[in-house]
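Coordinates from query-v6.pdb are shown below (PDB, C-alpha atoms).
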```pdb
ATOM      1  CA  MET R   1     117.517  12.830 -48.399
ATOM      2  CA  THR R   2     115.545  10.088 -50.121
ATOM      3  CA  THR R   3     113.036   8.263 -47.978
ATOM      4  CA  PRO R   4     113.776   4.500 -47.965
ATOM      5  CA  GLN R   5     111.095   2.525 -49.763
ATOM      6  CA  PRO R   6     109.592  -0.434 -47.886
ATOM      7  CA  GLN R   7     110.727  -3.823 -49.108
ATOM      8  CA  GLN R   8     108.277  -5.469 -51.460
ATOM      9  CA  GLU R   9     106.919  -8.816 -50.493
ATOM     10  CA  LYS R  10     107.611 -11.602 -52.974
ATOM     11  CA  GLU R  11     106.406 -15.164 -53.095
ATOM     12  CA  ASN R  12     108.699 -18.109 -52.644
ATOM     13  CA  HIS R  13     108.467 -21.421 -54.525
ATOM     14  CA  LEU R  14     105.654 -22.478 -52.167
ATOM     15  CA  GLY R  15     103.515 -19.516 -53.150
ATOM     16  CA  GLN R  16     103.975 -17.993 -49.666
ATOM     17  CA  LYS R  17     104.833 -14.331 -49.017
ATOM     18  CA  ARG R  18     108.345 -13.525 -47.881
ATOM     19  CA  PRO R  19     110.426 -10.344 -47.749
ATOM     20  CA  ALA R  20     112.308  -9.512 -50.917
ATOM     21  CA  LYS R  21     116.004 -10.295 -50.861
ATOM     22  CA  PRO R  22     118.818  -8.930 -53.002
ATOM     23  CA  ALA R  23     118.672 -10.248 -56.561
ATOM     24  CA  GLN R  24     120.955 -13.219 -57.137
ATOM     25  CA  ALA R  25     123.749 -12.720 -59.641
ATOM     26  CA  MET R  26     122.586 -13.979 -63.028
ATOM     27  CA  TRP R  27     125.482 -16.416 -63.444
ATOM     28  CA  LYS R  28     124.631 -18.313 -60.250
ATOM     29  CA  GLY R  29     121.528 -19.911 -61.771
ATOM     30  CA  PHE R  30     123.588 -21.320 -64.633
ATOM     31  CA  VAL R  31     126.415 -22.587 -62.414
ATOM     32  CA  GLN R  32     124.304 -24.008 -59.577
ATOM     33  CA  GLY R  33     121.904 -25.669 -62.008
ATOM     34  CA  SER R  34     124.651 -27.270 -64.068
ATOM     35  CA  VAL R  35     126.759 -28.563 -61.153
ATOM     36  CA  GLY R  36     123.805 -29.852 -59.128
ATOM     37  CA  ALA R  37     122.215 -31.570 -62.114
ATOM     38  CA  ALA R  38     125.528 -33.123 -63.181
ATOM     39  CA  ILE R  39     125.953 -34.710 -59.739
ATOM     40  CA  GLY R  40     122.345 -35.898 -59.697
ATOM     41  CA  GLY R  41     122.564 -37.209 -63.252
ATOM     42  CA  ALA R  42     125.715 -39.181 -62.493
ATOM     43  CA  CYS R  43     124.171 -40.764 -59.376
ATOM     44  CA  ALA R  44     120.938 -41.673 -61.182
ATOM     45  CA  HIS R  45     122.650 -42.813 -64.402
ATOM     46  CA  PRO R  46     122.072 -46.579 -63.925
ATOM     47  CA  LEU R  47     118.312 -45.948 -63.716
ATOM     48  CA  ASP R  48     118.475 -43.755 -66.812
ATOM     49  CA  LEU R  49     120.346 -46.466 -68.722
ATOM     50  CA  ILE R  50     117.796 -49.099 -67.657
ATOM     51  CA  LYS R  51     115.020 -46.747 -68.797
ATOM     52  CA  VAL R  52     116.586 -46.334 -72.253
ATOM     53  CA  ARG R  53     117.049 -50.085 -72.698
ATOM     54  CA  MET R  54     113.413 -50.683 -71.685
ATOM     55  CA  GLN R  55     112.201 -48.030 -74.122
ATOM     56  CA  LEU R  56     114.066 -49.748 -76.966
ATOM     57  CA  GLN R  57     112.366 -53.116 -76.378
ATOM     58  CA  THR R  58     110.257 -54.056 -79.389
ATOM     59  CA  ASP R  59     109.658 -57.768 -78.747
ATOM     60  CA  ALA R  60     106.304 -57.926 -76.962
ATOM     61  CA  THR R  61     106.823 -61.577 -75.995
ATOM     62  CA  ASN R  62     110.121 -61.060 -74.190
ATOM     63  CA  LYS R  63     109.768 -57.725 -72.397
ATOM     64  CA  LEU R  64     111.805 -57.187 -69.235
ATOM     65  CA  ASN R  65     110.765 -55.073 -66.277
ATOM     66  CA  MET R  66     113.091 -52.628 -64.537
ATOM     67  CA  VAL R  67     114.620 -55.166 -62.128
ATOM     68  CA  GLN R  68     115.043 -57.835 -64.811
ATOM     69  CA  MET R  69     116.676 -55.342 -67.177
ATOM     70  CA  GLY R  70     119.056 -54.205 -64.470
ATOM     71  CA  ARG R  71     120.028 -57.790 -63.708
ATOM     72  CA  ARG R  72     120.608 -58.573 -67.381
ATOM     73  CA  ILE R  73     122.854 -55.554 -67.865
ATOM     74  CA  PHE R  74     124.828 -56.422 -64.731
ATOM     75  CA  ALA R  75     125.171 -60.073 -65.769
ATOM     76  CA  THR R  76     126.220 -59.411 -69.365
ATOM     77  CA  GLU R  77     128.151 -56.153 -69.069
ATOM     78  CA  GLY R  78     129.159 -56.001 -65.425
ATOM     79  CA  ALA R  79     128.741 -53.144 -62.964
ATOM     80  CA  VAL R  80     130.602 -50.850 -65.350
ATOM     81  CA  GLY R  81     127.882 -51.499 -67.934
ATOM     82  CA  LEU R  82     125.366 -49.661 -65.743
ATOM     83  CA  PHE R  83     127.436 -46.501 -66.165
ATOM     84  CA  LYS R  84     127.856 -46.582 -69.948
ATOM     85  CA  GLY R  85     127.518 -43.071 -71.274
ATOM     86  CA  VAL R  86     127.875 -41.431 -67.845
ATOM     87  CA  ASP R  87     130.424 -38.956 -69.218
ATOM     88  CA  ALA R  88     127.922 -37.927 -71.905
ATOM     89  CA  SER R  89     125.242 -37.651 -69.214
ATOM     90  CA  ILE R  90     127.419 -35.318 -67.131
ATOM     91  CA  ALA R  91     128.301 -33.195 -70.178
ATOM     92  CA  ARG R  92     124.625 -33.033 -71.154
ATOM     93  CA  GLN R  93     123.556 -31.945 -67.669
ATOM     94  CA  LEU R  94     126.245 -29.267 -67.487
ATOM     95  CA  VAL R  95     124.910 -27.695 -70.689
ATOM     96  CA  TYR R  96     121.204 -28.623 -70.607
ATOM     97  CA  SER R  97     120.379 -28.032 -66.953
ATOM     98  CA  GLY R  98     122.733 -25.109 -66.553
ATOM     99  CA  THR R  99     121.016 -23.384 -69.473
ATOM    100  CA  ARG R 100     117.569 -24.434 -68.272
ATOM    101  CA  PHE R 101     117.928 -23.124 -64.724
ATOM    102  CA  GLY R 102     119.793 -20.012 -65.827
ATOM    103  CA  MET R 103     117.305 -19.078 -68.539
ATOM    104  CA  TYR R 104     114.410 -19.708 -66.170
ATOM    105  CA  ASP R 105     115.799 -16.975 -63.892
ATOM    106  CA  VAL R 106     116.368 -14.697 -66.896
ATOM    107  CA  PHE R 107     112.792 -15.148 -68.135
ATOM    108  CA  LYS R 108     111.291 -14.624 -64.680
ATOM    109  CA  ARG R 109     113.172 -11.363 -64.271
ATOM    110  CA  ALA R 110     112.128 -10.262 -67.749
ATOM    111  CA  ALA R 111     108.522 -11.053 -66.802
ATOM    112  CA  GLY R 112     108.756  -8.708 -63.799
ATOM    113  CA  GLU R 113     109.609 -10.979 -60.886
ATOM    114  CA  ASP R 114     111.572  -8.186 -59.199
ATOM    115  CA  SER R 115     108.473  -5.985 -59.015
ATOM    116  CA  GLY R 116     106.014  -8.577 -57.726
ATOM    117  CA  PRO R 117     104.948 -12.234 -57.643
ATOM    118  CA  LEU R 118     104.443 -13.949 -60.991
ATOM    119  CA  SER R 119     101.268 -15.852 -61.824
ATOM    120  CA  LEU R 120     101.411 -19.606 -62.320
ATOM    121  CA  PRO R 121     100.751 -19.349 -66.096
ATOM    122  CA  THR R 122     103.635 -16.863 -66.391
ATOM    123  CA  LYS R 123     105.955 -19.196 -64.491
ATOM    124  CA  ALA R 124     104.843 -22.071 -66.700
ATOM    125  CA  ALA R 125     105.586 -20.032 -69.831
ATOM    126  CA  CYS R 126     109.053 -19.214 -68.458
ATOM    127  CA  ALA R 127     109.607 -22.920 -67.749
ATOM    128  CA  ILE R 128     108.544 -23.943 -71.274
ATOM    129  CA  GLY R 129     110.958 -21.514 -72.868
ATOM    130  CA  ALA R 130     113.824 -22.378 -70.529
ATOM    131  CA  GLY R 131     113.353 -26.137 -70.947
ATOM    132  CA  ALA R 132     113.205 -25.950 -74.733
ATOM    133  CA  ILE R 133     116.322 -23.764 -75.002
ATOM    134  CA  GLY R 134     118.235 -25.990 -72.584
ATOM    135  CA  ALA R 135     117.309 -29.113 -74.536
ATOM    136  CA  PHE R 136     118.415 -27.581 -77.844
ATOM    137  CA  CYS R 137     121.783 -26.521 -76.404
ATOM    138  CA  GLY R 138     122.333 -29.923 -74.794
ATOM    139  CA  ASN R 139     121.142 -32.069 -77.719
ATOM    140  CA  PRO R 140     124.635 -33.259 -78.806
ATOM    141  CA  GLY R 141     125.313 -34.622 -75.323
ATOM    142  CA  ASP R 142     121.863 -36.207 -75.140
ATOM    143  CA  LEU R 143     122.302 -37.837 -78.556
ATOM    144  CA  ALA R 144     125.699 -39.235 -77.578
ATOM    145  CA  MET R 145     124.362 -40.463 -74.221
ATOM    146  CA  VAL R 146     121.372 -42.315 -75.719
ATOM    147  CA  ARG R 147     123.522 -44.060 -78.325
ATOM    148  CA  MET R 148     126.185 -45.039 -75.798
ATOM    149  CA  GLN R 149     123.508 -46.384 -73.446
ATOM    150  CA  ALA R 150     121.816 -48.325 -76.246
ATOM    151  CA  ASP R 151     125.029 -49.822 -77.657
ATOM    152  CA  GLY R 152     125.051 -52.836 -75.356
ATOM    153  CA  LYS R 153     121.617 -53.889 -76.602
ATOM    154  CA  LEU R 154     122.751 -54.082 -80.231
ATOM    155  CA  PRO R 155     124.375 -57.171 -81.814
ATOM    156  CA  GLU R 156     128.140 -56.920 -81.527
ATOM    157  CA  ALA R 157     128.583 -56.350 -85.261
ATOM    158  CA  GLN R 158     126.207 -53.356 -85.172
ATOM    159  CA  ARG R 159     127.623 -51.623 -82.107
ATOM    160  CA  ARG R 160     128.956 -48.123 -82.612
ATOM    161  CA  GLY R 161     131.717 -48.553 -80.043
ATOM    162  CA  TYR R 162     131.975 -44.934 -78.912
ATOM    163  CA  ARG R 163     134.823 -44.659 -76.390
ATOM    164  CA  ASN R 164     133.588 -41.455 -74.752
ATOM    165  CA  ILE R 165     131.450 -38.408 -75.478
ATOM    166  CA  PHE R 166     134.168 -36.715 -77.552
ATOM    167  CA  ASP R 167     134.602 -39.821 -79.699
ATOM    168  CA  ALA R 168     130.812 -40.111 -80.062
ATOM    169  CA  VAL R 169     130.352 -36.478 -81.119
ATOM    170  CA  ARG R 170     133.276 -36.711 -83.556
ATOM    171  CA  LYS R 171     131.962 -39.884 -85.203
ATOM    172  CA  ILE R 172     128.361 -38.660 -85.401
ATOM    173  CA  ALA R 173     129.487 -35.359 -86.935
ATOM    174  CA  GLY R 174     131.755 -37.210 -89.380
ATOM    175  CA  SER R 175     129.222 -39.776 -90.567
ATOM    176  CA  GLU R 176     125.943 -37.834 -90.297
ATOM    177  CA  GLY R 177     127.074 -34.217 -90.476
ATOM    178  CA  VAL R 178     127.623 -31.574 -87.797
ATOM    179  CA  VAL R 179     124.037 -30.332 -88.180
ATOM    180  CA  SER R 180     122.753 -33.764 -87.086
ATOM    181  CA  LEU R 181     124.026 -33.062 -83.565
ATOM    182  CA  TRP R 182     121.309 -30.418 -83.224
ATOM    183  CA  GLN R 183     118.822 -32.088 -85.573
ATOM    184  CA  THR R 184     118.500 -35.764 -84.642
ATOM    185  CA  GLY R 185     115.794 -36.106 -81.996
ATOM    186  CA  VAL R 186     115.895 -32.407 -81.115
ATOM    187  CA  VAL R 187     112.137 -31.798 -81.453
ATOM    188  CA  PRO R 188     111.028 -34.552 -79.038
ATOM    189  CA  ASN R 189     113.947 -33.602 -76.805
ATOM    190  CA  MET R 190     112.738 -29.992 -76.608
ATOM    191  CA  ASN R 191     109.138 -31.128 -76.141
ATOM    192  CA  ARG R 192     110.175 -33.457 -73.334
ATOM    193  CA  ALA R 193     112.268 -30.803 -71.600
ATOM    194  CA  ALA R 194     109.440 -28.255 -71.771
ATOM    195  CA  ILE R 195     106.938 -30.764 -70.391
ATOM    196  CA  ILE R 196     109.240 -31.921 -67.594
ATOM    197  CA  THR R 197     110.160 -28.384 -66.570
ATOM    198  CA  VAL R 198     106.528 -27.297 -66.437
ATOM    199  CA  GLY R 199     105.505 -30.546 -64.725
ATOM    200  CA  GLN R 200     108.109 -30.232 -62.014
ATOM    201  CA  LEU R 201     107.467 -26.547 -61.392
ATOM    202  CA  ALA R 202     103.699 -26.203 -61.708
ATOM    203  CA  ALA R 203     102.898 -29.611 -60.228
ATOM    204  CA  TYR R 204     105.119 -29.066 -57.197
ATOM    205  CA  ASP R 205     103.609 -25.657 -56.460
ATOM    206  CA  GLN R 206     100.060 -26.963 -56.838
ATOM    207  CA  CYS R 207     100.593 -30.180 -54.864
ATOM    208  CA  LYS R 208     102.337 -28.278 -52.082
ATOM    209  CA  GLN R 209      99.506 -25.780 -51.842
ATOM    210  CA  ILE R 210      96.894 -28.569 -51.744
ATOM    211  CA  LEU R 211      98.732 -30.259 -48.874
ATOM    212  CA  LEU R 212      99.022 -26.989 -46.939
ATOM    213  CA  ASP R 213      95.339 -26.197 -47.527
ATOM    214  CA  ASN R 214      94.437 -29.602 -46.105
ATOM    215  CA  GLY R 215      96.192 -29.115 -42.789
ATOM    216  CA  PHE R 216      99.722 -30.322 -43.500
ATOM    217  CA  ARG R 217     102.499 -28.371 -41.826
ATOM    218  CA  ASP R 218     105.166 -26.659 -43.884
ATOM    219  CA  GLY R 219     107.991 -29.086 -43.170
ATOM    220  CA  ILE R 220     110.205 -31.736 -44.694
ATOM    221  CA  PRO R 221     107.464 -34.448 -44.883
ATOM    222  CA  THR R 222     105.243 -32.086 -46.873
ATOM    223  CA  HIS R 223     108.145 -31.199 -49.159
ATOM    224  CA  PHE R 224     108.751 -34.888 -49.788
ATOM    225  CA  GLY R 225     105.068 -35.595 -50.432
ATOM    226  CA  ALA R 226     104.709 -32.754 -52.925
ATOM    227  CA  SER R 227     108.004 -33.698 -54.582
ATOM    228  CA  PHE R 228     106.964 -37.326 -55.108
ATOM    229  CA  MET R 229     103.636 -36.230 -56.570
ATOM    230  CA  ALA R 230     105.374 -33.750 -58.875
ATOM    231  CA  ALA R 231     107.837 -36.447 -59.983
ATOM    232  CA  PHE R 232     104.946 -38.776 -60.832
ATOM    233  CA  ILE R 233     103.086 -36.088 -62.784
ATOM    234  CA  ALA R 234     106.221 -35.019 -64.678
ATOM    235  CA  SER R 235     107.002 -38.649 -65.532
ATOM    236  CA  LEU R 236     103.426 -39.327 -66.652
ATOM    237  CA  MET R 237     103.395 -36.235 -68.871
ATOM    238  CA  SER R 238     106.811 -36.731 -70.450
ATOM    239  CA  ASN R 239     107.210 -40.502 -70.907
ATOM    240  CA  PRO R 240     105.554 -40.806 -74.372
ATOM    241  CA  VAL R 241     107.728 -38.022 -75.793
ATOM    242  CA  ASP R 242     110.766 -39.462 -73.994
ATOM    243  CA  VAL R 243     110.253 -42.859 -75.645
ATOM    244  CA  ALA R 244     109.895 -41.185 -79.051
ATOM    245  CA  LYS R 245     113.076 -39.189 -78.406
ATOM    246  CA  THR R 246     115.004 -42.345 -77.493
ATOM    247  CA  ARG R 247     113.830 -44.220 -80.594
ATOM    248  CA  LEU R 248     114.617 -41.285 -82.912
ATOM    249  CA  MET R 249     118.060 -40.681 -81.441
ATOM    250  CA  ASN R 250     119.012 -44.352 -81.502
ATOM    251  CA  GLN R 251     118.209 -44.905 -85.178
ATOM    252  CA  GLY R 252     120.882 -44.160 -87.733
ATOM    253  CA  SER R 253     120.707 -41.860 -90.723
ATOM    254  CA  GLY R 254     119.825 -42.740 -94.304
ATOM    255  CA  PRO R 255     116.711 -44.326 -95.834
ATOM    256  CA  ASP R 256     117.674 -47.868 -94.818
ATOM    257  CA  ALA R 257     118.212 -46.972 -91.170
ATOM    258  CA  THR R 258     115.313 -44.535 -90.733
ATOM    259  CA  LYS R 259     112.244 -46.154 -89.208
ATOM    260  CA  TYR R 260     110.619 -43.066 -87.698
ATOM    261  CA  THR R 261     110.356 -39.697 -89.440
ATOM    262  CA  GLY R 262     109.440 -37.563 -86.441
ATOM    263  CA  THR R 263     107.935 -37.443 -82.960
ATOM    264  CA  LEU R 264     104.311 -37.945 -83.987
ATOM    265  CA  ASN R 265     105.254 -40.645 -86.489
ATOM    266  CA  ALA R 266     107.269 -42.500 -83.848
ATOM    267  CA  MET R 267     104.401 -42.385 -81.350
ATOM    268  CA  THR R 268     101.711 -43.449 -83.849
ATOM    269  CA  THR R 269     103.925 -46.222 -85.266
ATOM    270  CA  MET R 270     104.591 -47.574 -81.792
ATOM    271  CA  CYS R 271     100.875 -47.506 -80.921
ATOM    272  CA  ARG R 272     100.046 -49.343 -84.143
ATOM    273  CA  THR R 273     102.778 -52.005 -83.961
ATOM    274  CA  GLU R 274     103.387 -52.386 -80.205
ATOM    275  CA  GLY R 275     100.173 -51.124 -78.626
ATOM    276  CA  PRO R 276      99.333 -47.845 -76.806
ATOM    277  CA  LEU R 277     101.091 -48.900 -73.595
ATOM    278  CA  SER R 278     104.392 -48.959 -75.503
ATOM    279  CA  LEU R 279     104.459 -45.184 -75.008
ATOM    280  CA  TYR R 280     105.015 -45.876 -71.320
ATOM    281  CA  LYS R 281     107.894 -48.276 -71.689
ATOM    282  CA  GLY R 282     110.438 -47.593 -68.976
ATOM    283  CA  PHE R 283     107.944 -45.619 -66.873
ATOM    284  CA  ALA R 284     109.016 -47.286 -63.621
ATOM    285  CA  ALA R 285     112.643 -46.392 -64.293
ATOM    286  CA  THR R 286     111.664 -42.865 -65.370
ATOM    287  CA  PHE R 287     109.720 -42.315 -62.149
ATOM    288  CA  SER R 288     112.478 -43.897 -60.056
ATOM    289  CA  ARG R 289     114.976 -41.528 -61.628
ATOM    290  CA  GLN R 290     112.737 -38.449 -61.351
ATOM    291  CA  CYS R 291     111.999 -38.937 -57.642
ATOM    292  CA  PRO R 292     115.458 -38.274 -56.185
ATOM    293  CA  TYR R 293     116.040 -35.412 -58.611
ATOM    294  CA  VAL R 294     112.790 -33.595 -57.797
ATOM    295  CA  VAL R 295     113.035 -34.304 -54.050
ATOM    296  CA  ILE R 296     116.614 -33.042 -53.778
ATOM    297  CA  THR R 297     115.844 -29.998 -55.920
ATOM    298  CA  TRP R 298     112.811 -28.781 -53.968
ATOM    299  CA  VAL R 299     113.876 -29.801 -50.476
ATOM    300  CA  SER R 300     117.160 -27.962 -50.921
ATOM    301  CA  VAL R 301     115.555 -24.757 -52.331
TER     302      VAL R 301
END
```
Using structure tokens, write down the structure from this file.
Amino acid sequence: MTTPQPQQEKENHLGQKRPAKPAQAMWKGFVQGSVGAAIGGACAHPLDLIKVRMQLQTDATNKLNMVQMGRRIFATEGAVGLFKGVDASIARQLVYSGTRFGMYDVFKRAAGEDSGPLSLPTKAACAIGAGAIGAFCGNPGDLAMVRMQADGKLPEAQRRGYRNIFDAVRKIAGSEGVVSLWQTGVVPNMNRAAIITVGQLAAYDQCKQILLDNGFRDGIPTHFGASFMAAFIASLMSNPVDVAKTRLMNQGSGPDATKYTGTLNAMTTMCRTEGPLSLYKGFAATFSRQCPYVVITWVSV
């Protein structure tokens, strides 16, 4: 008769020891991540749309803040205008976040999570890989979402007029080629996803531990505090790449339409023509959108 082996202790997302529990089925990470993110993305979509419109502002003399931009959209396009591209956002989250959360579990298991706690650098490496893969898989939805969100800012004659995500993907593939769906803006998109995933994970763990080390109790208020700090750090780290991604995805194809040639070129061009702070256009909306997502994610874990 085999002697039962004692359960190994494993660390939870707070870095605290807890008894090991049966391994979760691999598919659950993909499904839970995709469904949860799709609901969160749909609820936060107006803030995401405001963020995109703010990031596309190039006139330094007539820049609108988050509240002013929201009012303008509501006044000119109605309440429905705040949800332009929401179907593309949901489709993107189903693919992007489902892949991101699922692959994060896959990488952690491959790194030996079942045999003992992983170090923070190992978790960060898993997050980088998972975020980049998720962003690549979800790039068509992200591209369609950005263009649908930006359409209302263009002169009427220049609007693309996508009816929904399927119409957007079909037209982009027809006019720019199928490859463009995974080519246009994919590098800054993958960079952004890697940065955000690492920022949310590593920053939350570190901020939580700092609060606990300084006498805070392990409860909901501490979860909220660490979540807000992680959201701020993730937003601060990712906003420059996010702005570059938005600009690259919104521009058309062809020599006449191409203003930026890549992520670095977009960022340096913006700094030269609009000033360094242009890399943080839409930061308030980015942070406002990140907060509920990070809070709900970590409080519910």
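When you apply the PyMOL selection byres ((chain R and resi 28) around 12) to this structure, what comes back is Ala23, Gln24, Ala25, Met26, Trp27, Gly29, Phe30, Val31, Gln32, Gly33, Ser34, Val35, Gly36, Gly98, Thr99, Phe101, Gly102, Met103, Tyr104, Asp105 and Val106 of chain R.
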Keeping only C-alpha atoms, write the selected residues as an mmCIF file, in the coordinates of the input.
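Final file, part.cif:
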```
data_model
loop_
_atom_site.group_PDB
_atom_site.id
_atom_site.type_symbol
_atom_site.label_atom_id
_atom_site.label_comp_id
_atom_site.auth_asym_id
_atom_site.auth_seq_id
_atom_site.Cartn_x
_atom_site.Cartn_y
_atom_site.Cartn_z
ATOM 1 C CA ALA R 23 118.672 -10.248 -56.561
ATOM 2 C CA GLN R 24 120.955 -13.219 -57.137
ATOM 3 C CA ALA R 25 123.749 -12.720 -59.641
ATOM 4 C CA MET R 26 122.586 -13.979 -63.028
ATOM 5 C CA TRP R 27 125.482 -16.416 -63.444
ATOM 6 C CA GLY R 29 121.528 -19.911 -61.771
ATOM 7 C CA PHE R 30 123.588 -21.320 -64.633
ATOM 8 C CA VAL R 31 126.415 -22.587 -62.414
ATOM 9 C CA GLN R 32 124.304 -24.008 -59.577
ATOM 10 C CA GLY R 33 121.904 -25.669 -62.008
ATOM 11 C CA SER R 34 124.651 -27.270 -64.068
ATOM 12 C CA VAL R 35 126.759 -28.563 -61.153
ATOM 13 C CA GLY R 36 123.805 -29.852 -59.128
ATOM 14 C CA GLY R 98 122.733 -25.109 -66.553
ATOM 15 C CA THR R 99 121.016 -23.384 -69.473
ATOM 16 C CA PHE R 101 117.928 -23.124 -64.724
ATOM 17 C CA GLY R 102 119.793 -20.012 -65.827
ATOM 18 C CA MET R 103 117.305 -19.078 -68.539
ATOM 19 C CA TYR R 104 114.410 -19.708 -66.170
ATOM 20 C CA ASP R 105 115.799 -16.975 -63.892
ATOM 21 C CA VAL R 106 116.368 -14.697 -66.896
#
```
Result set, the PyMOL selection byres ((chain R and resi 126-132) around 8) on current file, as a list in words: Thr99, Arg100, Phe101, Gly102, Met103, Tyr104, Phe107, Lys108, Thr122, Lys123, Ala124, Ala125, Ile133, Gly134, Ala135, Phe136, Asn189, Met190, Asn191, Ala193, Ala194, Ile195, Ile196, Thr197, Val198 and Leu201 of chain R
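Counting only C-alpha atoms, Ala144 (chain R) has the following residues at most 8 Å away, ignoring those fewer than 3 positions along the same chain: Gly85, Ala88, Pro140, Gly141, Arg147, Met148, Ile165, Ala168 and Val169 of chain R.
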Give me a file of those residues, with C-alpha atoms, as a JSON list (two decimals), in the coordinates of the input.
```json
[["chain", "number", "residue", "atom", "x", "y", "z"],
["R", 85, "GLY", "CA", 127.52, -43.07, -71.27],
["R", 88, "ALA", "CA", 127.92, -37.93, -71.90],
["R", 140, "PRO", "CA", 124.64, -33.26, -78.81],
["R", 141, "GLY", "CA", 125.31, -34.62, -75.32],
["R", 147, "ARG", "CA", 123.52, -44.06, -78.32],
["R", 148, "MET", "CA", 126.18, -45.04, -75.80],
["R", 165, "ILE", "CA", 131.45, -38.41, -75.48],
["R", 168, "ALA", "CA", 130.81, -40.11, -80.06],
["R", 169, "VAL", "CA", 130.35, -36.48, -81.12]]
```
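Counting from CA of Pro292 (chain R), the distance to CA of Pro117 (chain R) is 28.1 Å.
Nearest residue to Lys84 (chain R) among R:Asp142, R:Asp59, R:Glu113, R:Asp151 is R:Asp151, counting all atoms listed in the file.
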Using all atoms listed in the file, the residue out of R:Val86, R:Val52, R:Ala79, R:Ala173 with shortest distance to Phe283 (chain R) is R:Val52
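Counting from CA of Gln55 (chain R), the distance to CA of Thr273 (chain R) is 14.2 Å.
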Restricting the calculation to all atoms listed in the file, which member of R:Ser238, R:Asn139, R:Ser115, R:Asn265 is positioned closest to Val186 (chain R)? R:Asn139
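With CA of Thr261 (chain R) on one side and CA of Val187 (chain R) on the other, the separation reads 11.4 Å.
Look at Gly41 (chain R): the protein and nucleic acid residues within 7 Å of it, using all atoms listed in the file and passing over chain neighbours fewer than 5 places away, are R:Ser89, R:Ile90, R:Gln93.
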Residues within 10 Å of Thr58 (chain R), please, as an MDAnalysis selection string. Count all atoms listed in the file; anything in the same chain fewer than 5 positions from it doesn't count. chainID R and resid 63 270 273:274 278 281
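Each of R:Asn250, R:Gly81, R:Gly199, R:Ala231 was checked against Leu154 (chain R) using all atoms listed in the file; the smallest atom-to-atom distance is that of R:Asn250.
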With all atoms listed in the file as the basis for distance, which of R:Tyr280, R:Gln251, R:Pro121, R:Arg92 is at the shortest distance from Arg159 (chain R)? R:Gln251
When the PyMOL selection byres ((chain R and resi 171) around 12) is applied to the file above, which residues end up in the set, as a PyMOL selection string? chain R and resi 140+143-144+147+160-170+172-178+180-181
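Minimum distance to Gln68 (chain R) across R:Met54, R:Arg192, R:Ala266, R:Arg272 (counting only C-alpha atoms) occurs at R:Met54.
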What are the centre and the three edge lengths of an axis-aligned box that wraps all atoms of region 102-116 of chain R in the file, given that 5 Å is added to every side, written as AutoDock Vina command-line options and rounded to one decimal in Å?
```
--center_x 112.9 --center_y -13.0 --center_z -63.1 --size_x 23.8 --size_y 24.0 --size_z 20.8
```
For Leu248 (chain R), please output as a compact mmCIF listing (two decimals) with C-alpha atoms, keeping the file's coordinate frame all residues within 9 Å (counting only C-alpha atoms; exclusion window: fewer than 6 positions along the same chain).
```
# COMPACT_ATOMS: atom_id res chain seq x y z
CA THR R 184 118.50 -35.76 -84.64
CA GLY R 185 115.79 -36.11 -82.00
CA PRO R 188 111.03 -34.55 -79.04
CA THR R 258 115.31 -44.54 -90.73
CA LYS R 259 112.24 -46.15 -89.21
CA TYR R 260 110.62 -43.07 -87.70
CA THR R 261 110.36 -39.70 -89.44
CA GLY R 262 109.44 -37.56 -86.44
CA THR R 263 107.94 -37.44 -82.96
CA ALA R 266 107.27 -42.50 -83.85
```
